[in-house]
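Peer 1: So that you have it, the file is start.cif, and it contains mmCIF, C-alpha atoms:
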```cif
data_upload
loop_
_atom_site.label_atom_id
_atom_site.label_comp_id
_atom_site.auth_asym_id
_atom_site.auth_seq_id
_atom_site.Cartn_x
_atom_site.Cartn_y
_atom_site.Cartn_z
CA MET A 1 41.75 34.50 -8.89
CA GLN A 2 39.58 36.83 -6.85
CA LEU A 3 36.26 35.98 -8.58
CA PRO A 4 36.37 32.20 -7.96
CA ASN A 5 37.16 32.84 -4.29
CA ARG A 6 34.20 35.17 -4.02
CA LYS A 7 31.92 32.58 -5.60
CA MET A 8 33.09 29.92 -3.14
CA ARG A 9 32.61 32.26 -0.21
CA TYR A 10 29.01 33.11 -1.15
CA SER A 11 27.88 29.70 -2.39
CA LEU A 12 26.45 28.19 0.79
CA VAL A 13 25.06 31.49 2.04
CA TRP A 14 23.20 32.19 -1.21
CA THR A 15 21.75 28.67 -1.33
CA LEU A 16 20.22 29.15 2.11
CA VAL A 17 19.11 32.70 1.31
CA CYS A 18 17.34 31.76 -1.90
CA THR A 19 15.51 28.83 -0.30
CA PHE A 20 14.28 31.10 2.50
CA ALA A 21 13.28 33.92 0.17
CA THR A 22 10.94 31.83 -1.97
CA THR A 23 9.12 30.37 1.05
CA SER A 24 8.54 33.62 2.93
CA LEU A 25 8.47 37.31 2.05
CA ALA A 26 9.04 36.79 -1.67
CA ASN A 27 5.66 35.08 -1.97
CA GLU A 28 3.50 37.61 -0.16
CA THR A 29 3.50 41.36 0.16
CA PRO A 30 2.88 42.49 3.77
CA ALA A 31 -0.49 44.20 4.13
CA ASP A 32 1.15 47.40 5.39
CA SER A 33 3.89 47.53 2.74
CA TRP A 34 4.49 47.85 -1.00
CA PRO A 35 8.30 48.00 -1.08
CA LEU A 36 9.01 47.74 -4.83
CA PHE A 37 7.45 48.11 -8.27
CA ARG A 38 5.39 44.90 -8.36
CA GLY A 39 5.02 44.48 -4.62
CA ASN A 40 7.34 41.53 -3.99
CA SER A 41 10.32 39.64 -5.38
CA LEU A 42 8.12 37.41 -7.53
CA SER A 43 6.65 40.54 -9.17
CA THR A 44 3.11 39.18 -8.74
CA GLY A 45 1.41 42.58 -8.48
CA VAL A 46 -0.87 41.19 -5.75
CA ALA A 47 -1.67 43.18 -2.61
CA SER A 48 -2.31 41.61 0.78
CA SER A 49 -4.08 44.74 1.95
CA SER A 50 -7.79 45.22 1.33
CA LEU A 51 -9.50 48.28 -0.14
CA PRO A 52 -13.05 49.56 0.35
CA ALA A 53 -15.71 48.65 -2.20
CA GLN A 54 -15.82 52.26 -3.40
CA PRO A 55 -12.46 53.92 -2.64
CA GLU A 56 -12.60 57.66 -1.95
CA LEU A 57 -9.94 60.24 -2.72
CA LEU A 58 -8.17 60.99 0.59
CA TRP A 59 -5.44 63.39 -0.53
CA THR A 60 -3.35 64.57 -3.45
CA TYR A 61 0.20 65.92 -3.63
CA GLN A 62 0.90 68.24 -6.55
CA VAL A 63 4.29 68.89 -8.14
CA ASP A 64 4.08 72.00 -10.32
CA ASN A 65 5.14 71.25 -13.90
CA GLY A 66 5.94 67.72 -12.72
CA ALA A 67 5.36 64.27 -14.20
CA PHE A 68 5.60 60.73 -12.85
CA ASP A 69 6.32 57.48 -14.67
CA GLY A 70 7.21 55.46 -11.58
CA THR A 71 5.17 53.44 -9.11
CA PRO A 72 5.19 54.52 -5.45
CA ALA A 73 6.84 52.36 -2.81
CA ILE A 74 5.10 52.31 0.58
CA VAL A 75 6.94 51.27 3.75
CA ASP A 76 6.33 52.14 7.43
CA GLY A 77 3.60 54.62 6.60
CA VAL A 78 5.72 56.55 4.08
CA VAL A 79 5.24 56.88 0.30
CA TYR A 80 8.43 57.12 -1.81
CA ILE A 81 8.22 58.23 -5.43
CA GLY A 82 10.59 59.91 -7.89
CA ASP A 83 9.54 62.31 -10.66
CA LEU A 84 10.87 62.93 -14.16
CA ASP A 85 12.55 66.17 -13.03
CA GLY A 86 14.86 64.28 -10.66
CA THR A 87 13.23 64.71 -7.26
CA LEU A 88 12.58 61.80 -4.93
CA PHE A 89 9.72 62.55 -2.53
CA ALA A 90 8.90 61.01 0.85
CA LEU A 91 5.26 61.66 1.80
CA LYS A 92 3.18 60.63 4.81
CA LEU A 93 0.76 57.90 3.74
CA ALA A 94 -1.82 59.18 6.21
CA SER A 95 -1.96 62.75 4.92
CA GLY A 96 0.27 63.31 1.87
CA GLU A 97 2.40 65.72 3.88
CA LEU A 98 5.96 66.09 2.60
CA ILE A 99 8.59 64.59 4.90
CA TRP A 100 11.68 65.21 2.76
CA LYS A 101 12.84 65.40 -0.83
CA TYR A 102 16.11 64.39 -2.47
CA LYS A 103 17.26 66.13 -5.65
CA ALA A 104 19.30 64.49 -8.40
CA GLU A 105 20.75 66.18 -11.47
CA ILE A 106 18.39 64.38 -13.86
CA GLY A 107 15.00 62.67 -13.77
CA PHE A 108 13.84 59.35 -12.36
CA PRO A 109 11.99 57.18 -14.92
CA SER A 110 12.13 54.14 -12.61
CA SER A 111 10.26 53.16 -9.46
CA ALA A 112 11.70 53.48 -5.98
CA ALA A 113 12.43 50.33 -3.96
CA VAL A 114 12.89 50.16 -0.18
CA LYS A 115 14.68 47.71 2.11
CA ASP A 116 16.50 47.90 5.46
CA GLY A 117 15.90 51.63 5.84
CA LEU A 118 17.32 52.45 2.40
CA VAL A 119 15.62 53.72 -0.77
CA VAL A 120 17.14 52.95 -4.19
CA ILE A 121 16.08 54.52 -7.48
CA GLY A 122 17.64 54.86 -10.95
CA ASP A 123 17.86 57.92 -13.20
CA TYR A 124 18.03 58.78 -16.92
CA ASP A 125 21.84 59.03 -16.88
CA GLY A 126 22.29 55.51 -15.53
CA MET A 127 22.99 56.43 -11.91
CA MET A 128 21.51 54.28 -9.16
CA HIS A 129 20.91 56.42 -6.07
CA CYS A 130 20.64 55.09 -2.52
CA VAL A 131 19.30 57.37 0.22
CA ASP A 132 18.36 57.03 3.86
CA ALA A 133 14.62 56.29 4.08
CA ALA A 134 14.20 58.36 7.24
CA THR A 135 16.15 61.49 6.26
CA GLY A 136 16.65 61.52 2.47
CA GLU A 137 20.41 61.73 2.99
CA LYS A 138 22.48 60.23 0.15
CA LYS A 139 24.23 57.00 1.12
CA TRP A 140 25.87 56.01 -2.18
CA THR A 141 25.54 56.14 -5.95
CA PHE A 142 26.52 53.57 -8.57
CA GLU A 143 27.02 54.47 -12.22
CA SER A 144 25.91 52.28 -15.10
CA GLN A 145 26.38 53.39 -18.69
CA ALA A 146 22.78 54.11 -19.74
CA GLU A 147 19.30 54.89 -18.45
CA ILE A 148 17.89 52.83 -15.59
CA SER A 149 14.19 52.39 -16.27
CA SER A 150 14.13 49.13 -14.35
CA GLY A 151 13.08 49.14 -10.75
CA ALA A 152 15.25 47.29 -8.25
CA ASN A 153 14.71 43.93 -6.54
CA PHE A 154 16.34 42.48 -3.45
CA ILE A 155 17.82 39.19 -2.31
CA GLU A 156 19.06 39.18 1.28
CA ASP A 157 21.57 42.07 1.55
CA HIS A 158 21.93 42.57 -2.21
CA VAL A 159 20.10 44.74 -4.75
CA LEU A 160 19.59 43.74 -8.40
CA PHE A 161 18.63 46.01 -11.29
CA GLY A 162 18.94 46.24 -15.06
CA SER A 163 20.24 49.09 -17.19
CA GLN A 164 19.76 50.09 -20.80
CA ASP A 165 23.51 49.48 -21.16
CA ALA A 166 22.34 45.82 -21.55
CA THR A 167 23.71 44.83 -18.14
CA LEU A 168 22.14 43.26 -15.07
CA TYR A 169 23.87 44.42 -11.88
CA CYS A 170 24.07 42.89 -8.41
CA LEU A 171 25.33 45.26 -5.69
CA LYS A 172 25.73 45.16 -1.94
CA LEU A 173 22.79 47.15 -0.66
CA ALA A 174 24.65 48.74 2.26
CA THR A 175 27.58 50.11 0.24
CA GLY A 176 26.78 49.96 -3.50
CA GLU A 177 29.81 47.72 -4.10
CA LYS A 178 29.41 45.56 -7.21
CA VAL A 179 29.13 41.82 -6.58
CA TRP A 180 28.67 40.76 -10.22
CA ASP A 181 27.23 41.90 -13.52
CA ARG A 182 25.80 40.04 -16.52
CA HIS A 183 25.89 41.59 -19.98
CA LEU A 184 23.15 40.74 -22.49
CA GLU A 185 22.86 41.61 -26.18
CA ASP A 186 20.43 44.51 -25.80
CA GLN A 187 18.80 46.83 -23.27
CA ILE A 188 17.24 45.71 -19.98
CA ARG A 189 14.16 47.75 -19.10
CA CYS A 190 12.33 45.38 -16.75
CA LEU A 191 12.64 44.80 -13.03
CA PRO A 192 14.52 41.50 -12.47
CA THR A 193 12.19 38.94 -10.88
CA ILE A 194 13.69 36.53 -8.33
CA VAL A 195 12.61 32.98 -7.45
CA GLU A 196 14.46 29.92 -6.08
CA GLY A 197 17.96 31.16 -6.74
CA ARG A 198 17.08 32.38 -10.22
CA CYS A 199 16.68 35.87 -11.64
CA PHE A 200 14.33 36.38 -14.60
CA VAL A 201 14.96 39.10 -17.18
CA ALA A 202 12.76 39.64 -20.24
CA GLY A 203 15.10 41.53 -22.54
CA CYS A 204 15.10 43.80 -25.55
CA ASP A 205 17.27 41.17 -27.26
CA GLY A 206 14.22 38.97 -27.87
CA TYR A 207 14.99 36.42 -25.16
CA PHE A 208 13.68 35.58 -21.71
CA HIS A 209 16.79 34.98 -19.57
CA ILE A 210 17.14 32.78 -16.50
CA ILE A 211 20.20 33.84 -14.47
CA ASP A 212 21.81 32.42 -11.33
CA VAL A 213 21.46 35.06 -8.59
CA LYS A 214 24.59 34.06 -6.68
CA SER A 215 27.00 34.16 -9.62
CA GLY A 216 25.31 36.05 -12.45
CA ASP A 217 25.81 33.08 -14.78
CA GLU A 218 23.09 32.47 -17.35
CA LEU A 219 21.35 29.14 -16.77
CA SER A 220 19.11 29.16 -19.84
CA LYS A 221 17.10 31.41 -22.14
CA VAL A 222 13.85 31.19 -24.09
CA GLU A 223 13.32 32.90 -27.45
CA ILE A 224 10.39 35.32 -27.38
CA MET A 225 10.86 36.77 -30.89
CA ALA A 226 10.54 40.44 -29.92
CA PRO A 227 11.98 42.99 -27.49
CA THR A 228 10.21 43.75 -24.24
CA GLY A 229 10.57 45.88 -21.13
CA VAL A 230 7.82 44.06 -19.23
CA THR A 231 8.59 42.68 -15.77
CA PRO A 232 7.98 38.90 -15.61
CA ALA A 233 5.45 37.77 -12.97
CA VAL A 234 5.69 34.35 -11.31
CA ALA A 235 2.95 31.99 -10.10
CA GLY A 236 4.21 28.52 -9.21
CA LYS A 237 6.41 27.17 -12.00
CA ARG A 238 4.98 29.56 -14.56
CA VAL A 239 6.16 33.07 -15.48
CA PHE A 240 4.17 35.57 -17.55
CA PHE A 241 4.98 38.69 -19.60
CA GLY A 242 4.18 40.48 -22.87
CA THR A 243 6.29 41.82 -25.74
CA GLU A 244 6.46 44.71 -28.20
CA ASN A 245 4.94 42.40 -30.84
CA GLY A 246 1.80 42.19 -28.71
CA ASP A 247 2.33 38.55 -27.74
CA ILE A 248 1.65 37.44 -24.16
CA PHE A 249 3.73 34.50 -22.93
CA GLY A 250 3.26 31.78 -20.36
CA VAL A 251 6.62 30.07 -19.77
CA ASP A 252 7.52 27.09 -17.60
CA TRP A 253 10.65 28.48 -15.95
CA SER A 254 11.63 25.17 -14.36
CA GLU A 255 11.99 23.61 -17.81
CA GLY A 256 12.84 26.76 -19.75
CA LYS A 257 10.13 26.38 -22.38
CA THR A 258 7.10 28.29 -23.65
CA VAL A 259 3.79 26.70 -22.65
CA TRP A 260 1.39 29.13 -24.33
CA THR A 261 1.19 32.45 -26.14
CA TYR A 262 -1.69 34.78 -26.91
CA ALA A 263 -2.05 37.59 -29.47
CA ASP A 264 -5.17 39.62 -30.17
CA ASP A 265 -5.47 39.04 -33.91
CA ARG A 266 -7.98 41.85 -34.34
CA ARG A 267 -5.74 44.73 -33.23
CA SER A 268 -2.70 43.47 -31.43
CA GLN A 269 -0.25 46.18 -30.36
CA SER A 270 2.73 46.26 -28.03
CA VAL A 271 2.42 45.25 -24.40
CA ARG A 272 4.17 47.53 -21.90
CA SER A 273 2.04 46.67 -18.90
CA SER A 274 3.45 44.10 -16.45
CA PRO A 275 1.02 41.33 -15.46
CA ALA A 276 -0.59 40.74 -12.08
CA VAL A 277 -0.90 37.03 -11.35
CA THR A 278 -2.30 34.52 -8.92
CA ASN A 279 -2.55 30.74 -9.25
CA ASP A 280 -5.96 31.32 -10.84
CA ILE A 281 -5.63 34.31 -13.16
CA VAL A 282 -3.26 36.50 -15.20
CA VAL A 283 -4.30 40.14 -15.73
CA ILE A 284 -2.38 42.42 -18.10
CA GLY A 285 -2.92 45.66 -20.04
CA SER A 286 -2.04 46.43 -23.65
CA ARG A 287 -1.59 49.31 -26.07
CA SER A 288 -4.48 47.66 -27.91
CA LYS A 289 -6.70 49.64 -25.48
CA LYS A 290 -7.60 46.54 -23.54
CA VAL A 291 -7.07 44.78 -20.25
CA TYR A 292 -6.95 40.98 -20.65
CA ALA A 293 -7.43 38.11 -18.20
CA PHE A 294 -6.13 34.60 -18.91
CA SER A 295 -6.01 31.16 -17.37
CA PRO A 296 -2.42 30.65 -16.13
CA THR A 297 -2.38 26.98 -17.13
CA ASP A 298 -3.38 27.13 -20.80
CA GLY A 299 -3.61 30.84 -21.73
CA LYS A 300 -7.36 30.65 -22.39
CA LEU A 301 -8.86 34.14 -22.53
CA ARG A 302 -11.21 34.66 -19.58
CA TRP A 303 -12.35 38.19 -20.41
CA GLN A 304 -11.24 41.47 -21.90
CA PHE A 305 -12.09 45.03 -20.88
CA GLU A 306 -11.95 47.76 -23.50
CA THR A 307 -10.56 51.20 -22.62
CA LYS A 308 -10.50 54.49 -24.51
CA ARG A 309 -6.70 54.74 -24.60
CA SER A 310 -3.67 52.47 -24.28
CA VAL A 311 -2.90 50.70 -21.02
CA ASP A 312 0.78 51.05 -20.09
CA SER A 313 0.15 51.00 -16.34
CA SER A 314 0.40 47.61 -14.65
CA PRO A 315 -2.62 46.19 -12.81
CA VAL A 316 -2.62 45.35 -9.11
CA ILE A 317 -4.88 42.60 -7.79
CA VAL A 318 -6.65 43.44 -4.53
CA GLY A 319 -8.97 40.68 -3.37
CA ASN A 320 -11.41 39.96 -6.21
CA ARG A 321 -10.59 43.14 -8.16
CA ALA A 322 -7.80 44.38 -10.40
CA PHE A 323 -6.97 48.10 -10.21
CA VAL A 324 -5.37 49.60 -13.32
CA GLY A 325 -4.66 53.06 -14.72
CA VAL A 326 -5.08 54.16 -18.35
CA THR A 327 -3.24 56.82 -20.35
CA ASP A 328 -6.50 58.82 -20.65
CA GLY A 329 -6.40 59.46 -16.89
CA ARG A 330 -8.99 56.91 -15.80
CA LEU A 331 -8.36 54.52 -12.93
CA TYR A 332 -10.52 51.38 -12.90
CA ALA A 333 -11.34 48.53 -10.55
CA LEU A 334 -12.29 45.45 -12.58
CA ASP A 335 -14.10 42.44 -11.17
CA LEU A 336 -11.82 39.41 -11.59
CA ASN A 337 -14.69 37.05 -12.40
CA SER A 338 -16.50 39.12 -15.03
CA GLY A 339 -13.99 41.77 -16.15
CA LYS A 340 -16.61 44.48 -15.61
CA ALA A 341 -15.71 47.84 -14.10
CA VAL A 342 -17.03 48.10 -10.53
CA TRP A 343 -15.36 51.44 -9.71
CA GLU A 344 -13.87 54.27 -11.74
CA TYR A 345 -12.11 57.58 -11.08
CA GLU A 346 -11.13 60.11 -13.74
CA THR A 347 -8.21 62.57 -13.57
CA ASN A 348 -6.93 65.24 -15.95
CA GLY A 349 -3.69 63.41 -16.68
CA GLY A 350 -2.57 59.99 -17.89
CA PHE A 351 -1.25 57.01 -15.95
CA VAL A 352 1.96 55.29 -17.01
CA GLY A 353 3.02 54.40 -13.47
CA SER A 354 1.12 51.76 -11.53
CA PRO A 355 -0.62 51.59 -8.16
CA GLY A 356 1.02 50.75 -4.86
CA VAL A 357 -1.36 49.28 -2.27
CA ALA A 358 -0.76 49.09 1.49
CA SER A 359 -2.61 49.71 4.76
CA GLN A 360 -6.01 49.87 3.03
CA ARG A 361 -4.81 52.65 0.72
CA LEU A 362 -3.99 52.84 -2.99
CA VAL A 363 -1.42 55.38 -4.18
CA ILE A 364 -0.76 56.22 -7.84
CA ALA A 365 0.80 59.20 -9.67
CA ASN A 366 0.12 60.62 -13.14
CA ASP A 367 1.94 62.43 -15.93
CA LYS A 368 0.66 65.82 -14.72
CA GLY A 369 2.65 65.67 -11.49
CA THR A 370 -0.14 64.59 -9.15
CA VAL A 371 0.09 61.84 -6.53
CA PHE A 372 -3.33 60.43 -5.57
CA CYS A 373 -4.22 58.44 -2.47
CA PHE A 374 -7.51 56.50 -2.24
CA GLY A 375 -9.06 54.66 0.67
CA GLU A 376 -11.92 54.98 3.11
CA LYS A 377 -12.70 58.27 4.79
CA LYS A 378 -13.04 57.90 8.55
#
```
Please lay out the structure from this file as structure tokens.

Peer 2:
Amino acid sequence: MQLPNRKMRYSLVWTLVCTFATTSLANETPADSWPLFRGNSLSTGVASSSLPAQPELLWTYQVDNGAFDGTPAIVDGVVYIGDLDGTLFALKLASGELIWKYKAEIGFPSSAAVKDGLVVIGDYDGMMHCVDAATGEKKWTFESQAEISSGANFIEDHVLFGSQDATLYCLKLATGEKVWDRHLEDQIRCLPTIVEGRCFVAGCDGYFHIIDVKSGDELSKVEIMAPTGVTPAVAGKRVFFGTENGDIFGVDWSEGKTVWTYADDRRSQSVRSSPAVTNDIVVIGSRSKKVYAFSPTDGKLRWQFETKRSVDSSPVIVGNRAFVGVTDGRLYALDLNSGKAVWEYETNGGFVGSPGVASQRLVIANDKGTVFCFGEKK
């Protein structure tokens, strides 16, 4: 009897919350903040901050024998990022100086997410950690049954994340108390995207799931014919993602149906890069050693940019450019109109994690344990 009472108690509150969220912060990332993996609750991968025409390296932070898969979160002038050895770092955005570090027993494959003075991040053992953003002090942990490679998303005072135990969890952010969970047929590796009272999960079970955020009930699902760990990105009534088969989908989430798909017939390989989207363009990387740009409405290919290695990192749109890392250690800025590289920086490691952009700075970390910050030297 307890669960129905809980649903009744939250019903009106969640309706108001979800309406507010999709008309305010969910739609736009503040210029001085990048609080979660794809920047905002819609997972658009679009920055409000600008960057200089030719970004310069401002600082690096090196972790000896370290490696990063995650994307940095940036809030209140602090960079938060966890490494594969199990250390969560808080660094000053201005200088790269260490503020604090929090040590877990095992590594962090997921990206940190920040809200209300709390940082949440998942580890290989399935533990979601919550620490104080100012001090690094542990607030709570929640145990799932398998690796958490998903980043977390937020709706009001709740945090949502997926686990490779095939379960989507909704917890109270302040305490870690479980509100609901939804079990699927296979692993969840993506960040859950939130829009208009719905949560989107592209799953390893070969379906795109649309789930009610207040109850955890599944509203509908769309067959995508392959597993995926890609985070769905929303623009209007469309949502976009790729799969392990190499297909890229445009889905009408309001009707729960596929509108278009694209596959590179010449050398299509799996897509592990999450798209960056606006109302005018979809940009996504692929293990086919390419970055693609599409029309959101019909999936028409606008351009493609060839790289020397696979693109697992997810692009971030900044003004009229898309910034994206490659597993060969190159970081590119691509012109959105032409697809041509207008800036490039080469490192001695590879990029799996993606950029975070805030306060006219871009921060990204590589698989050699280096955090890079780019911007304009004063």

Peer 1: Using all atoms listed in the file, find each residue of stretch 67-154 of chain A with at least one atom at most 8 Å away from an atom of stretch 346-358 of chain A; report its shortest atom-to-atom pair and that distance in Å (one decimal), sort the rows by chain and rising residue number, and return the result as JSON lines.

Peer 2:
```
{"residue": "A:Phe68", "atom": "CA", "partner": "A:Gly353", "partner_atom": "CA", "distance": 6.9}
{"residue": "A:Asp69", "atom": "CA", "partner": "A:Gly353", "partner_atom": "CA", "distance": 4.7}
{"residue": "A:Gly70", "atom": "CA", "partner": "A:Gly353", "partner_atom": "CA", "distance": 4.7}
{"residue": "A:Thr71", "atom": "CA", "partner": "A:Gly353", "partner_atom": "CA", "distance": 5.0}
{"residue": "A:Pro72", "atom": "CA", "partner": "A:Gly356", "partner_atom": "CA", "distance": 5.7}
{"residue": "A:Ala73", "atom": "CA", "partner": "A:Gly356", "partner_atom": "CA", "distance": 6.4}
{"residue": "A:Ile74", "atom": "CA", "partner": "A:Ala358", "partner_atom": "CA", "distance": 6.7}
```

Peer 1: Expand the PyMOL selection byres ((chain A and resi 201) around 12) into the individual residues it matches in the shown file, reporting them as a PyMOL selection string.

Peer 2: chain A and resi 42-43+150+153+160-163+166-169+182-184+186-195+198-200+202-213+216+218-222+224+227-234+239-241+253

Peer 1: Please compute the atom CA of A:Gln62-atom CA of A:Asp85 distance, one decimal, in Å.

Peer 2: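 The value is 13.5 Å.
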
Peer 1: Using all atoms listed in the file, can you tell me which of A:Gly325, A:Glu244, A:Gly375, A:Tyr292 comes closest to A:Ser49?

Peer 2: A:Gly375

Peer 1: If you apply the PyMOL selection byres ((chain A and resi 44) around 10) to this file, what residues do you get, as a ChimeraX atom specification?

Peer 2: /A:26-29,37-43,45-47,193,231-235,239-240,274-278,282,315-317

Peer 1: Could you tell me how far atom CA of A:Gln269 lies from atom CA of A:Phe249, in Å and to one decimal?

Peer 2: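 About the pair atom CA of A:Gln269 and atom CA of A:Phe249: they are 14.4 Å apart.
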
Peer 1: Around the point (25.4, 57.5, 2.7), in the coordinates given by the file, pick out the residues reaching within 9 Å, counting only C-alpha atoms, and return them as a short mmCIF file (atom, residue, chain, number, x, y, z; two decimals) with C-alpha atoms, in the coordinates of the input.

Peer 2:
```cif
data_model
loop_
_atom_site.label_atom_id
_atom_site.label_comp_id
_atom_site.auth_asym_id
_atom_site.auth_seq_id
_atom_site.Cartn_x
_atom_site.Cartn_y
_atom_site.Cartn_z
CA CYS A 130 20.64 55.09 -2.52
CA VAL A 131 19.30 57.37 0.22
CA ASP A 132 18.36 57.03 3.86
CA GLU A 137 20.41 61.73 2.99
CA LYS A 138 22.48 60.23 0.15
CA LYS A 139 24.23 57.00 1.12
CA TRP A 140 25.87 56.01 -2.18
CA THR A 141 25.54 56.14 -5.95
CA ALA A 174 24.65 48.74 2.26
CA THR A 175 27.58 50.11 0.24
#
```

Peer 1: Identify all residues satisfying the PyMOL selection byres ((chain A and resi 369) around 8) in the given file; provide them as JSON, numbers by chain.

Peer 2: {"A": [62, 63, 64, 65, 66, 67, 68, 83, 365, 366, 367, 368, 370, 371]}

Peer 1: What does the structure give for the distance between atom CA of A:His158 and atom CA of A:Cys170, in Å to one decimal?

Peer 2: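 Going from atom CA of A:His158 over to atom CA of A:Cys170 covers 6.6 Å.
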
Peer 1: If I wrap all listed atoms of stretch 194-212 of chain A in a box with edges along x, y and z and add 6 Å on each side, what are its centre and edge lengths in Å to one decimal, as AutoDock Vina command-line options?

Peer 2:
```
--center_x 17.2 --center_y 36.9 --center_z -17.0 --size_x 21.2 --size_y 25.9 --size_z 33.8
```

Peer 1: Extract, using only C-alpha atoms, all DNA, RNA and protein residues at most 9 Å from A:Pro52, discarding same-chain residues fewer than 6 positions from it, and format them as a list in words.

Peer 2: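 Once the nearby chain positions are removed, what remains is Gln360, Arg361, Gly375 and Glu376 of chain A.
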
Peer 1: My list of candidates is A:Asp298, A:Ala112, A:Glu56, A:Val120. Which is closest to A:Ile81 when distances are computed with only C-alpha atoms?

Peer 2: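 Once distances to A:Ile81 are computed over only C-alpha atoms, the minimum belongs to A:Ala112.
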